[in-house]
>>> print(open('my_file.tsv').read())   # TSV, N, CA and C atoms
chain	number	residue	atom	x	y	z
A	1	MET	N	-81.61	-17.19	-72.93
A	1	MET	CA	-81.54	-16.61	-71.62
A	1	MET	C	-81.57	-15.08	-71.69
A	2	LEU	N	-80.81	-14.52	-72.64
A	2	LEU	CA	-80.79	-13.08	-72.80
A	2	LEU	C	-82.15	-12.56	-73.23
A	3	THR	N	-82.82	-13.31	-74.07
A	3	THR	CA	-84.15	-12.91	-74.52
A	3	THR	C	-85.11	-12.85	-73.34
A	4	ARG	N	-85.00	-13.84	-72.45
A	4	ARG	CA	-85.87	-13.85	-71.26
A	4	ARG	C	-85.57	-12.66	-70.37
A	5	LEU	N	-84.28	-12.34	-70.21
A	5	LEU	CA	-83.90	-11.21	-69.37
A	5	LEU	C	-84.44	-9.90	-69.95
A	6	LYS	N	-84.36	-9.75	-71.28
A	6	LYS	CA	-84.82	-8.52	-71.91
A	6	LYS	C	-86.32	-8.30	-71.70
A	7	LYS	N	-87.07	-9.37	-71.49
A	7	LYS	CA	-88.52	-9.24	-71.30
A	7	LYS	C	-88.90	-8.87	-69.87
A	8	THR	N	-87.94	-8.93	-68.94
A	8	THR	CA	-88.24	-8.59	-67.55
A	8	THR	C	-88.05	-7.09	-67.33
A	9	GLY	N	-88.58	-6.61	-66.24
A	9	GLY	CA	-88.41	-5.20	-65.90
A	9	GLY	C	-86.95	-4.83	-65.72
A	10	LEU	N	-86.20	-5.70	-65.05
A	10	LEU	CA	-84.77	-5.45	-64.85
A	10	LEU	C	-84.05	-5.39	-66.19
A	11	GLY	N	-84.38	-6.31	-67.09
A	11	GLY	CA	-83.74	-6.33	-68.40
A	11	GLY	C	-84.02	-5.06	-69.19
A	12	ARG	N	-85.27	-4.61	-69.16
A	12	ARG	CA	-85.62	-3.37	-69.87
A	12	ARG	C	-84.89	-2.18	-69.26
A	13	PHE	N	-84.78	-2.18	-67.93
A	13	PHE	CA	-84.07	-1.10	-67.24
A	13	PHE	C	-82.60	-1.08	-67.63
A	14	LEU	N	-81.96	-2.26	-67.63
A	14	LEU	CA	-80.55	-2.32	-68.01
A	14	LEU	C	-80.33	-1.91	-69.47
A	15	GLN	N	-81.27	-2.28	-70.32
A	15	GLN	CA	-81.16	-1.91	-71.72
A	15	GLN	C	-81.26	-0.39	-71.88
A	16	ARG	N	-82.17	0.24	-71.15
A	16	ARG	CA	-82.27	1.70	-71.20
A	16	ARG	C	-80.99	2.35	-70.66
A	17	LEU	N	-80.47	1.80	-69.57
A	17	LEU	CA	-79.22	2.34	-69.01
A	17	LEU	C	-78.07	2.23	-70.00
A	18	SER	N	-77.99	1.13	-70.70
A	18	SER	CA	-76.87	0.91	-71.63
A	18	SER	C	-76.90	1.90	-72.79
A	19	ARG	N	-78.05	2.49	-73.04
A	19	ARG	CA	-78.17	3.47	-74.13
A	19	ARG	C	-77.94	4.91	-73.65
A	20	SER	N	-77.87	5.11	-72.35
A	20	SER	CA	-77.70	6.47	-71.84
A	20	SER	C	-76.28	6.95	-72.11
A	21	ARG	N	-76.12	8.26	-72.19
A	21	ARG	CA	-74.81	8.83	-72.50
A	21	ARG	C	-73.82	8.63	-71.36
A	22	ARG	N	-74.26	8.88	-70.16
A	22	ARG	CA	-73.34	8.90	-69.03
A	22	ARG	C	-72.98	7.50	-68.54
A	23	ILE	N	-73.93	6.61	-68.46
A	23	ILE	CA	-73.72	5.29	-67.86
A	23	ILE	C	-73.53	4.20	-68.92
A	24	GLY	N	-73.93	4.46	-70.13
A	24	GLY	CA	-73.95	3.44	-71.17
A	24	GLY	C	-72.62	2.77	-71.46
A	25	ALA	N	-71.58	3.56	-71.72
A	25	ALA	CA	-70.29	2.97	-72.09
A	25	ALA	C	-69.69	2.12	-70.97
A	26	PRO	N	-69.65	2.61	-69.71
A	26	PRO	CA	-69.12	1.75	-68.65
A	26	PRO	C	-69.95	0.49	-68.44
A	27	LEU	N	-71.26	0.60	-68.58
A	27	LEU	CA	-72.12	-0.57	-68.41
A	27	LEU	C	-71.88	-1.59	-69.52
A	28	ARG	N	-71.72	-1.12	-70.76
A	28	ARG	CA	-71.42	-2.03	-71.87
A	28	ARG	C	-70.05	-2.67	-71.69
A	29	PHE	N	-69.07	-1.91	-71.18
A	29	PHE	CA	-67.75	-2.48	-70.93
A	29	PHE	C	-67.83	-3.55	-69.85
A	30	MET	N	-68.58	-3.30	-68.79
A	30	MET	CA	-68.71	-4.28	-67.73
A	30	MET	C	-69.39	-5.56	-68.25
A	31	ALA	N	-70.40	-5.40	-69.08
A	31	ALA	CA	-71.07	-6.56	-69.66
A	31	ALA	C	-70.10	-7.35	-70.53
A	32	TRP	N	-69.29	-6.64	-71.31
A	32	TRP	CA	-68.30	-7.31	-72.17
A	32	TRP	C	-67.29	-8.07	-71.30
A	33	ALA	N	-66.79	-7.40	-70.24
A	33	ALA	CA	-65.78	-8.01	-69.38
A	33	ALA	C	-66.31	-9.27	-68.71
A	34	LEU	N	-67.56	-9.26	-68.31
A	34	LEU	CA	-68.14	-10.43	-67.64
A	34	LEU	C	-68.33	-11.60	-68.60
A	35	ARG	N	-68.37	-11.33	-69.90
A	35	ARG	CA	-68.52	-12.41	-70.88
A	35	ARG	C	-67.19	-13.05	-71.24
A	36	GLN	N	-66.08	-12.45	-70.83
A	36	GLN	CA	-64.76	-12.97	-71.18
A	36	GLN	C	-64.37	-14.13	-70.28
A	37	ASP	N	-63.52	-15.01	-70.81
A	37	ASP	CA	-63.06	-16.17	-70.04
A	37	ASP	C	-62.32	-15.77	-68.77
A	38	TRP	N	-61.50	-14.73	-68.86
A	38	TRP	CA	-60.67	-14.36	-67.73
A	38	TRP	C	-61.45	-13.81	-66.54
A	39	SER	N	-62.74	-13.60	-66.71
A	39	SER	CA	-63.53	-13.07	-65.59
A	39	SER	C	-64.08	-14.18	-64.70
A	40	THR	N	-63.81	-15.44	-65.03
A	40	THR	CA	-64.30	-16.55	-64.20
A	40	THR	C	-63.14	-17.15	-63.40
A	41	PRO	N	-63.41	-17.56	-62.17
A	41	PRO	CA	-62.34	-18.15	-61.34
A	41	PRO	C	-61.72	-19.40	-61.96
A	42	ALA	N	-62.49	-20.19	-62.70
A	42	ALA	CA	-61.95	-21.41	-63.30
A	42	ALA	C	-60.83	-21.10	-64.30
A	43	TYR	N	-60.90	-19.95	-64.92
A	43	TYR	CA	-59.88	-19.56	-65.89
A	43	TYR	C	-58.50	-19.46	-65.23
A	44	TRP	N	-58.48	-19.06	-63.97
A	44	TRP	CA	-57.23	-18.84	-63.27
A	44	TRP	C	-56.72	-20.08	-62.55
A	45	ALA	N	-57.43	-21.20	-62.64
A	45	ALA	CA	-56.99	-22.44	-62.01
A	45	ALA	C	-55.70	-22.92	-62.67
A	46	ALA	N	-54.85	-23.55	-61.89
A	46	ALA	CA	-53.54	-23.99	-62.40
A	46	ALA	C	-53.68	-24.95	-63.58
A	47	ALA	N	-54.62	-25.88	-63.50
A	47	ALA	CA	-54.79	-26.84	-64.60
A	47	ALA	C	-55.21	-26.12	-65.89
A	48	ASN	N	-56.05	-25.13	-65.77
A	48	ASN	CA	-56.49	-24.40	-66.95
A	48	ASN	C	-55.36	-23.58	-67.54
A	49	ARG	N	-54.56	-22.96	-66.69
A	49	ARG	CA	-53.43	-22.18	-67.19
A	49	ARG	C	-52.42	-23.09	-67.89
A	50	ARG	N	-52.18	-24.27	-67.33
A	50	ARG	CA	-51.27	-25.24	-67.96
A	50	ARG	C	-51.81	-25.66	-69.32
A	51	HIS	N	-53.10	-25.94	-69.38
A	51	HIS	CA	-53.73	-26.32	-70.65
A	51	HIS	C	-53.58	-25.19	-71.67
A	52	ASN	N	-53.80	-23.96	-71.24
A	52	ASN	CA	-53.69	-22.83	-72.16
A	52	ASN	C	-52.27	-22.67	-72.68
A	53	ARG	N	-51.27	-22.87	-71.81
A	53	ARG	CA	-49.88	-22.80	-72.26
A	53	ARG	C	-49.58	-23.89	-73.29
A	54	GLU	N	-50.07	-25.10	-73.03
A	54	GLU	CA	-49.85	-26.21	-73.97
A	54	GLU	C	-50.50	-25.91	-75.32
A	55	GLN	N	-51.72	-25.38	-75.29
A	55	GLN	CA	-52.41	-25.07	-76.53
A	55	GLN	C	-51.72	-23.93	-77.28
A	56	ALA	N	-51.20	-22.95	-76.56
A	56	ALA	CA	-50.47	-21.86	-77.20
A	56	ALA	C	-49.20	-22.38	-77.87
A	57	ALA	N	-48.52	-23.32	-77.22
A	57	ALA	CA	-47.32	-23.91	-77.81
A	57	ALA	C	-47.66	-24.70	-79.07
A	58	ILE	N	-48.72	-25.47	-79.02
A	58	ILE	CA	-49.16	-26.23	-80.19
A	58	ILE	C	-49.49	-25.29	-81.34
A	59	LEU	N	-50.20	-24.22	-81.04
A	59	LEU	CA	-50.56	-23.24	-82.07
A	59	LEU	C	-49.33	-22.58	-82.65
A	60	ALA	N	-48.37	-22.23	-81.80
A	60	ALA	CA	-47.14	-21.60	-82.28
A	60	ALA	C	-46.37	-22.53	-83.22
A	61	ARG	N	-46.28	-23.83	-82.85
A	61	ARG	CA	-45.61	-24.80	-83.74
A	61	ARG	C	-46.33	-24.92	-85.07
A	62	PHE	N	-47.66	-24.96	-85.03
A	62	PHE	CA	-48.44	-25.07	-86.25
A	62	PHE	C	-48.23	-23.85	-87.14
A	63	GLU	N	-48.27	-22.66	-86.54
A	63	GLU	CA	-48.08	-21.45	-87.33
A	63	GLU	C	-46.67	-21.38	-87.91
A	64	ALA	N	-45.67	-21.83	-87.14
A	64	ALA	CA	-44.29	-21.82	-87.65
A	64	ALA	C	-44.16	-22.78	-88.83
A	65	GLU	N	-44.76	-23.96	-88.74
A	65	GLU	CA	-44.72	-24.92	-89.85
A	65	GLU	C	-45.45	-24.37	-91.07
A	66	THR	N	-46.57	-23.74	-90.84
A	66	THR	CA	-47.36	-23.18	-91.94
A	66	THR	C	-46.60	-22.06	-92.64
A	67	ASP	N	-45.90	-21.21	-91.85
A	67	ASP	CA	-45.12	-20.12	-92.43
A	67	ASP	C	-43.96	-20.64	-93.26
A	68	ARG	N	-43.33	-21.73	-92.81
A	68	ARG	CA	-42.20	-22.30	-93.56
A	68	ARG	C	-42.66	-22.87	-94.90
A	69	ARG	N	-43.86	-23.46	-94.90
A	69	ARG	CA	-44.35	-24.08	-96.12
A	69	ARG	C	-44.78	-23.05	-97.15
A	70	GLY	N	-45.20	-21.92	-96.62
A	70	GLY	CA	-45.53	-21.01	-97.55
A	70	GLY	C	-46.39	-20.08	-97.96
>>> encode(input="my_file.tsv", output="structure tokens")
Amino acid sequence: MLTRLKKTGLGRFLQRLSRSRRIGAPLRFMAWALRQDWSTPAYWAAANRRHNREQAAILARFEAETDRRG
């Protein structure tokens, strides 16, 4: 999909903008932020937050067991 976008006029324009001194860094940050999970509404749904808490607890127990072993 990204390859297709880069071949369009809009994609070439955005690529040129991302390399500019003044606009480049904020544009790259915005692109990075949009790729993150927390930028989607589904991430903030109650079921997803509950799942994330459960997974964090499982990971914490695993890491604690691993640290005790050695």
>>> atom_distance(input="my_file.tsv", atom1="CA of Phe29 in chain A", atom2="CA of Asn48 in chain A")
25.0 Å
>>> select_by_dssp(input="my_file.tsv", residues="chain A", states="alpha helix (DSSP H)", output="ChimeraX atom specification")
/A:2-6,9-19,24-35,46-69
>>> atom_distance(input="my_file.tsv", atom1="atom N of Arg50 in chain A", atom2="CA of Glu65 in chain A")
23.7 Å
>>> residues_near_point(input="my_file.tsv", point="(-77.4, -5.4, -70.9)", cutoff="7 Å", atoms="only N, CA and C atoms", output="PyMOL selection string")
chain A and resi 11+14-15+18+27-28+31
>>> atom_distance(input="my_file.tsv", atom1="atom N of Ala56 in chain A", atom2="atom C of Trp32 in chain A")
22.5 Å
